[in-house]
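As structure tokens, the structure follows; a few thoughts come after it.
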Amino acid sequence: MAAIGLQDLRKSFGATEVIKSLSLTIDDGEFVALVGPSGCGKSTLLRIIAGLEPESGGKVSIGGQLVNGMTPRERNIAMVFQSYALYPHMTVRQNISFNLELSRVPRQRAAAEVARVADLLQISGLLDRRPAQLSGGQRQRVAMGRAMVRDPDVFLFDEPLSNLDAQLRIQMRGEMKRLHQKVRRTSVYVTHDQIEAMTLADRIVVLNSGRIEQHGRPMELYERPANLFVATFIGSPAMNLLKAVAKREGHALSACLADGSELPLALGLPVETGRELVLGLRPEHLAQASDEGGQLSGPVLLVEPTGAQTHVTFGFRDSELTAVVDGAAPVTGGTFNATVLPDQIHVFDQATGTRL
Amino acid sequence: MTIVDKPAVADRKKPRLLPALARTARILALLFATTIFFLPILGSLLTSVRTVGDILRNGGWSIPNPFSPENFIGAAVGLAPYLKASTIVTLPSIMGVLLVASMASYAISRLRFSGRMVVFFTLITLSFVPVQVQLIPIFSLFNAIGLYDTYLAIIIVQIMRHIPFAVLVLTSFFNTVPAELREAARVDGASEWTVYWRIFIPIGRPAFVALLVLEFTWIWNDLLWGLVLVQSNDKRPVTVGILNFQGEHTVAWPLIAAGAVVAALPTVMVFLLFQKHFIRGMTMGAVKG
């Protein structure tokens, strides 16, 4: 069992509190991604779990055992760093076997373990090279091999793909996912790339200023963001936001926009007339309507074809909205007309930003 | 009729002449400076293959007549015990400097303890104290504790004197090593000592070699502490030994010069042996894994 428990965790650097009373449980074998903007505390949280940074308060447990004050080695964790941190004066073989050597594993067994991991990661032909002689992707695999060879309870990843080019990143993402499916160890993955988080993680934890904004399955965060921060952080292109005021007439509920137009909202929302709202519209839910048939219309400002899709940015009153349409469908004319279904509109309280 | 404008032609020639003149002037200046710097060495080499009579007859800068390379044999034989003493003093001093300074530099660079920068700046400013100010206190101290006229006295003083510079160099170098290397080693289970010994020392090889060459040269060539802290002839370093070729009434210039050349040979050999690493160490930039 290697579940991770964080209870009321706090961390301060001097007078600056970077992690504020954070509690989280990560199940055994779960792949959890920590995402958030720069400075939100995700790397600090990872380093506290690793034992590289002492906590200012709270408890950390791994496998049911309290690990506060324990060294990284005693916690039986392995970590892959953003820059891979391979020892430049050692060969790949020595890099991978270093921790086995420190653990006094017999040479024969260590050699067998290195060979097994190298075979799994397809780096058997690189064992006698030094890190300077490797490509970025090869170094990343060696770093993974170094982490895997000691059979840890927990894997920690600190933005391991951020130094790779776009194509290699996609390739390595797939390999990491396959690897996790094979080894099924508890993994905590820090990234600022929400696409990586969405594709890799069983569960995503969104952090902001040292607090958890929301955690859950990727599609859960995508389809039901708990607040405006999560709504705009998850999803690319980002969710469109419009201010509105609620208007209830009997069972029917609509949102009055600044220009007086109304958008019907889903039934059953606990909203009374006059409540100030923020409407969230996913770009892919803004369907292109026929001329003059759209609820949201405005001049086309930018057209970005990406192949399978086209991103269209158009002006709407004082705002700019982005719609994602089929790449085959032509975007004609100087005006874009969009419609959206009531069930597809996310409604947030304007004052608190929380989902209604 | 239009007269050809001579200044225009002269202007067209100027751009080609000026850079060539400037380059020639630079080369001449460098050659002149090189000659000035090389003159003492040339003088020593010239004097080392002459006789006293030849110098007195023909002056300091004439061609050797007779050519007397046997001066080197005389100097080497005469300096042999001093060469041995220099070796006994220099090698442990260098090892002591590198060991102590590297541990101090690792701690200052990597460990976050209170007063870290105070320790660093205190160490560095120690090198600002003039050696002349230290002579009498150190002599009195070693005399009082019974270390006067021992190899250990010179070794301790040499280590002390060269630690500040070594700490400055090594701390600057260790600061360029990515922090993640130490963290990766800690995650792998390395103790602080293992990180220092297995990771930072091997990575620091260029800096260590550069320091080794410099420290060897400075310690081997030191005259002052060999004069002050040691009285017995068999413990005196080679720099003091050369002075023995100077009598009360006469000076054996050829032997002194030959002795200087013989004494300089080890430092030249050390540099030649390590020159590739030395140059890399002196010109290194950030470390990339």
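Numbering starts fresh at 1 for the residues of each chain in the structure tokens, the chains themselves are lettered A, B, ... in the order given, and ligands are numbered from 1 as they appear.
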Worksheet item: Which residues of chain A are close to chain B, meaning at most 9 Å apart when you count only C-alpha atoms, and how do they look as a ChimeraX atom specification?
Response: /A:50-52,71-74,76-89,98-100,102-103,131-132,146-147,150
Deliver the residues from the most recent selection as a file, using C-alpha atoms, as a PDB file, in the first residue's frame.
ATOM      1  CA  ALA A  50       9.610  13.935  -1.411  1.00  0.00           C
ATOM      2  CA  GLY A  51      11.205  15.087   1.823  1.00  0.00           C
ATOM      3  CA  LEU A  52      13.399  17.665   0.075  1.00  0.00           C
ATOM      4  CA  THR A  71      14.756  11.564   4.481  1.00  0.00           C
ATOM      5  CA  PRO A  72      13.711  10.980   0.870  1.00  0.00           C
ATOM      6  CA  ARG A  73      15.415   7.595   0.975  1.00  0.00           C
ATOM      7  CA  GLU A  74      13.519   6.532   4.068  1.00  0.00           C
ATOM      8  CA  ASN A  76      11.022   5.054  -0.503  1.00  0.00           C
ATOM      9  CA  ILE A  77      10.115   7.582  -3.154  1.00  0.00           C
ATOM     10  CA  ALA A  78      11.709   8.205  -6.532  1.00  0.00           C
ATOM     11  CA  MET A  79      11.707  11.498  -8.343  1.00  0.00           C
ATOM     12  CA  VAL A  80      12.145  12.651 -11.928  1.00  0.00           C
ATOM     13  CA  PHE A  81      13.286  16.259 -12.111  1.00  0.00           C
ATOM     14  CA  GLN A  82      12.511  18.869 -14.718  1.00  0.00           C
ATOM     15  CA  SER A  83      16.123  18.978 -15.845  1.00  0.00           C
ATOM     16  CA  TYR A  84      16.511  15.189 -15.262  1.00  0.00           C
ATOM     17  CA  ALA A  85      19.477  15.875 -12.922  1.00  0.00           C
ATOM     18  CA  LEU A  86      21.588  13.076 -14.393  1.00  0.00           C
ATOM     19  CA  TYR A  87      25.099  12.844 -12.947  1.00  0.00           C
ATOM     20  CA  PRO A  88      27.243  14.201 -15.796  1.00  0.00           C
ATOM     21  CA  HIS A  89      30.414  12.333 -14.847  1.00  0.00           C
ATOM     22  CA  PHE A  98      23.815   4.575  -8.270  1.00  0.00           C
ATOM     23  CA  ASN A  99      20.963   4.221  -5.815  1.00  0.00           C
ATOM     24  CA  LEU A 100      21.296   0.424  -5.844  1.00  0.00           C
ATOM     25  CA  LEU A 102      24.139   3.105  -2.137  1.00  0.00           C
ATOM     26  CA  SER A 103      21.658   0.505  -0.903  1.00  0.00           C
ATOM     27  CA  PRO A 131      24.413  12.189 -20.369  1.00  0.00           C
ATOM     28  CA  ALA A 132      26.089  14.768 -22.615  1.00  0.00           C
ATOM     29  CA  ARG A 146      16.902   5.747 -12.450  1.00  0.00           C
ATOM     30  CA  ALA A 147      13.578   6.262 -10.692  1.00  0.00           C
ATOM     31  CA  ARG A 150      14.740   0.940  -7.085  1.00  0.00           C
TER      32      ARG A 150
END
Fill in: Selection: 8 Å around stretch 2-18 of chain A, only C-alpha atoms, excl. self and same-chain fewer than 4 positions, as an MDAnalysis selection string
chainID A and resid 22:29 40:41 55:64 153:154 185:186 209:210
Fill in: Two-atom distance - atom CA of A:Arg47, atom CA of A:His215 (Å)
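Interatomic distance, atom CA of A:Arg47 to atom CA of A:His215: 19.5 Å.
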Worksheet entry | Gap from atom CA of B:Ile155 to atom CA of B:Asp234 - Å, one decimal |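 Between atom CA of B:Ile155 and atom CA of B:Asp234 the gap works out to 15.4 Å.
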Worksheet item: Excluding same-chain residues fewer than 4 positions from A:Ile123, what lies within 8 Å of it counting only C-alpha atoms, as a list in words?
Response: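 Using only C-alpha atoms, the neighbours found are Ala118, Asp119, Leu127, Gln138, Arg141 and Val142 of chain A.
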Expected file contents, prior selection, N, CA and C atoms, as a compact mmCIF listing (two decimals), in the first residue's frame:
# COMPACT_ATOMS: atom_id res chain seq x y z
N ALA A 118 16.42 -1.00 -18.39
CA ALA A 118 16.91 -0.46 -19.66
C ALA A 118 16.13 -1.08 -20.82
N ASP A 119 15.83 -2.36 -20.68
CA ASP A 119 15.07 -3.06 -21.72
C ASP A 119 13.65 -2.50 -21.81
N LEU A 127 23.77 2.36 -22.45
CA LEU A 127 24.24 2.21 -21.07
C LEU A 127 25.66 2.71 -20.85
N GLN A 138 16.15 10.76 -24.70
CA GLN A 138 16.94 9.68 -24.10
C GLN A 138 17.27 10.00 -22.64
N ARG A 141 14.33 9.33 -20.51
CA ARG A 141 14.14 7.89 -20.24
C ARG A 141 15.14 7.40 -19.20
N VAL A 142 16.36 7.90 -19.28
CA VAL A 142 17.37 7.49 -18.28
C VAL A 142 16.92 7.95 -16.90
Worksheet item: Between A:His192, A:Arg275, A:Arg282, A:Arg173, which one has atoms that come closest to A:His346, using only C-alpha atoms?
Response: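 Using only C-alpha atoms, the shortest distance to A:His346 belongs to A:Arg282.
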Worksheet item: Got a sec: who's within 7 Å of A:Lys42, counting only C-alpha atoms, leaving out chain neighbours fewer than 4 positions off, as a ChimeraX atom specification?
Response: /A:34-35,46,190,207
Fewer than 3 positions away in the same chain doesn't count, so skip those; otherwise give me all residues within 10 Å of A:Ala287, counting only C-alpha atoms, as a CSV table (one decimal) with C-alpha atoms, in the first residue's frame.
chain,number,residue,atom,x,y,z
A,283,PRO,CA,-15.6,27.3,-27.2
A,284,GLU,CA,-16.7,24.0,-28.7
A,290,SER,CA,-27.0,30.6,-39.9
A,294,GLY,CA,-27.4,33.3,-33.5
A,296,LEU,CA,-24.3,35.7,-29.9
A,323,ALA,CA,-15.6,29.5,-30.8
A,324,VAL,CA,-14.2,26.2,-32.0
A,325,VAL,CA,-15.8,24.9,-35.2
A,326,ASP,CA,-15.2,22.0,-37.5
A,337,ASN,CA,-23.2,34.0,-35.4
A,338,ALA,CA,-23.2,31.5,-32.5
A,339,THR,CA,-25.8,29.6,-30.6
A,340,VAL,CA,-25.4,27.7,-27.3
A,341,LEU,CA,-27.7,25.2,-25.6
Discussion item. Residues within 10 Å of B:Lys84, please, as a ChimeraX atom specification. Count only C-alpha atoms; anything in the same chain fewer than 3 positions from it doesn't count.
Written reply: /B:79-81,87-90,234-238
Item to complete: Enumerate as a ChimeraX atom specification all residues of stretch 177-206 of chain A assigned to alpha helix (DSSP H) by DSSP on the backbone, naming them with the chain letters and numbers the document uses.
Response: /A:177-183,194-200
Store the residues picked out above in a file with C-alpha atoms, as a PDB file, in the first residue's frame.
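Saved the output as part-v4.pdb:
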ATOM      1  CA  LYS A 177       0.862   6.628 -19.729  1.00  0.00           C
ATOM      2  CA  ARG A 178       1.686   3.109 -20.978  1.00  0.00           C
ATOM      3  CA  LEU A 179       4.390   2.790 -18.347  1.00  0.00           C
ATOM      4  CA  HIS A 180       2.035   3.767 -15.551  1.00  0.00           C
ATOM      5  CA  GLN A 181      -0.518   1.267 -16.766  1.00  0.00           C
ATOM      6  CA  LYS A 182       2.197  -1.364 -16.556  1.00  0.00           C
ATOM      7  CA  VAL A 183       3.722  -0.537 -13.162  1.00  0.00           C
ATOM      8  CA  GLN A 194      -3.274  21.147 -18.431  1.00  0.00           C
ATOM      9  CA  ILE A 195      -3.302  19.007 -21.599  1.00  0.00           C
ATOM     10  CA  GLU A 196      -0.652  16.784 -20.002  1.00  0.00           C
ATOM     11  CA  ALA A 197      -2.717  16.624 -16.848  1.00  0.00           C
ATOM     12  CA  MET A 198      -5.908  15.777 -18.724  1.00  0.00           C
ATOM     13  CA  THR A 199      -4.298  13.013 -20.767  1.00  0.00           C
ATOM     14  CA  LEU A 200      -2.147  11.391 -18.071  1.00  0.00           C
TER      15      LEU A 200
END
Discussion item. Taking 3 positions as the minimum chain separation for residues in the same chain, which residues sit within 10 Å of B:Ile256 when counting only C-alpha atoms? Answer as number ranges by chain.
Written reply: B: 44, 47-48, 71-72, 75, 241-246, 251-253, 259-262
Worksheet item: So how many Å separate atom CA of A:Ala289 and atom CA of A:Val245, to one decimal?
Response: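 Result for atom CA of A:Ala289 versus atom CA of A:Val245: 24.4 Å, one decimal.
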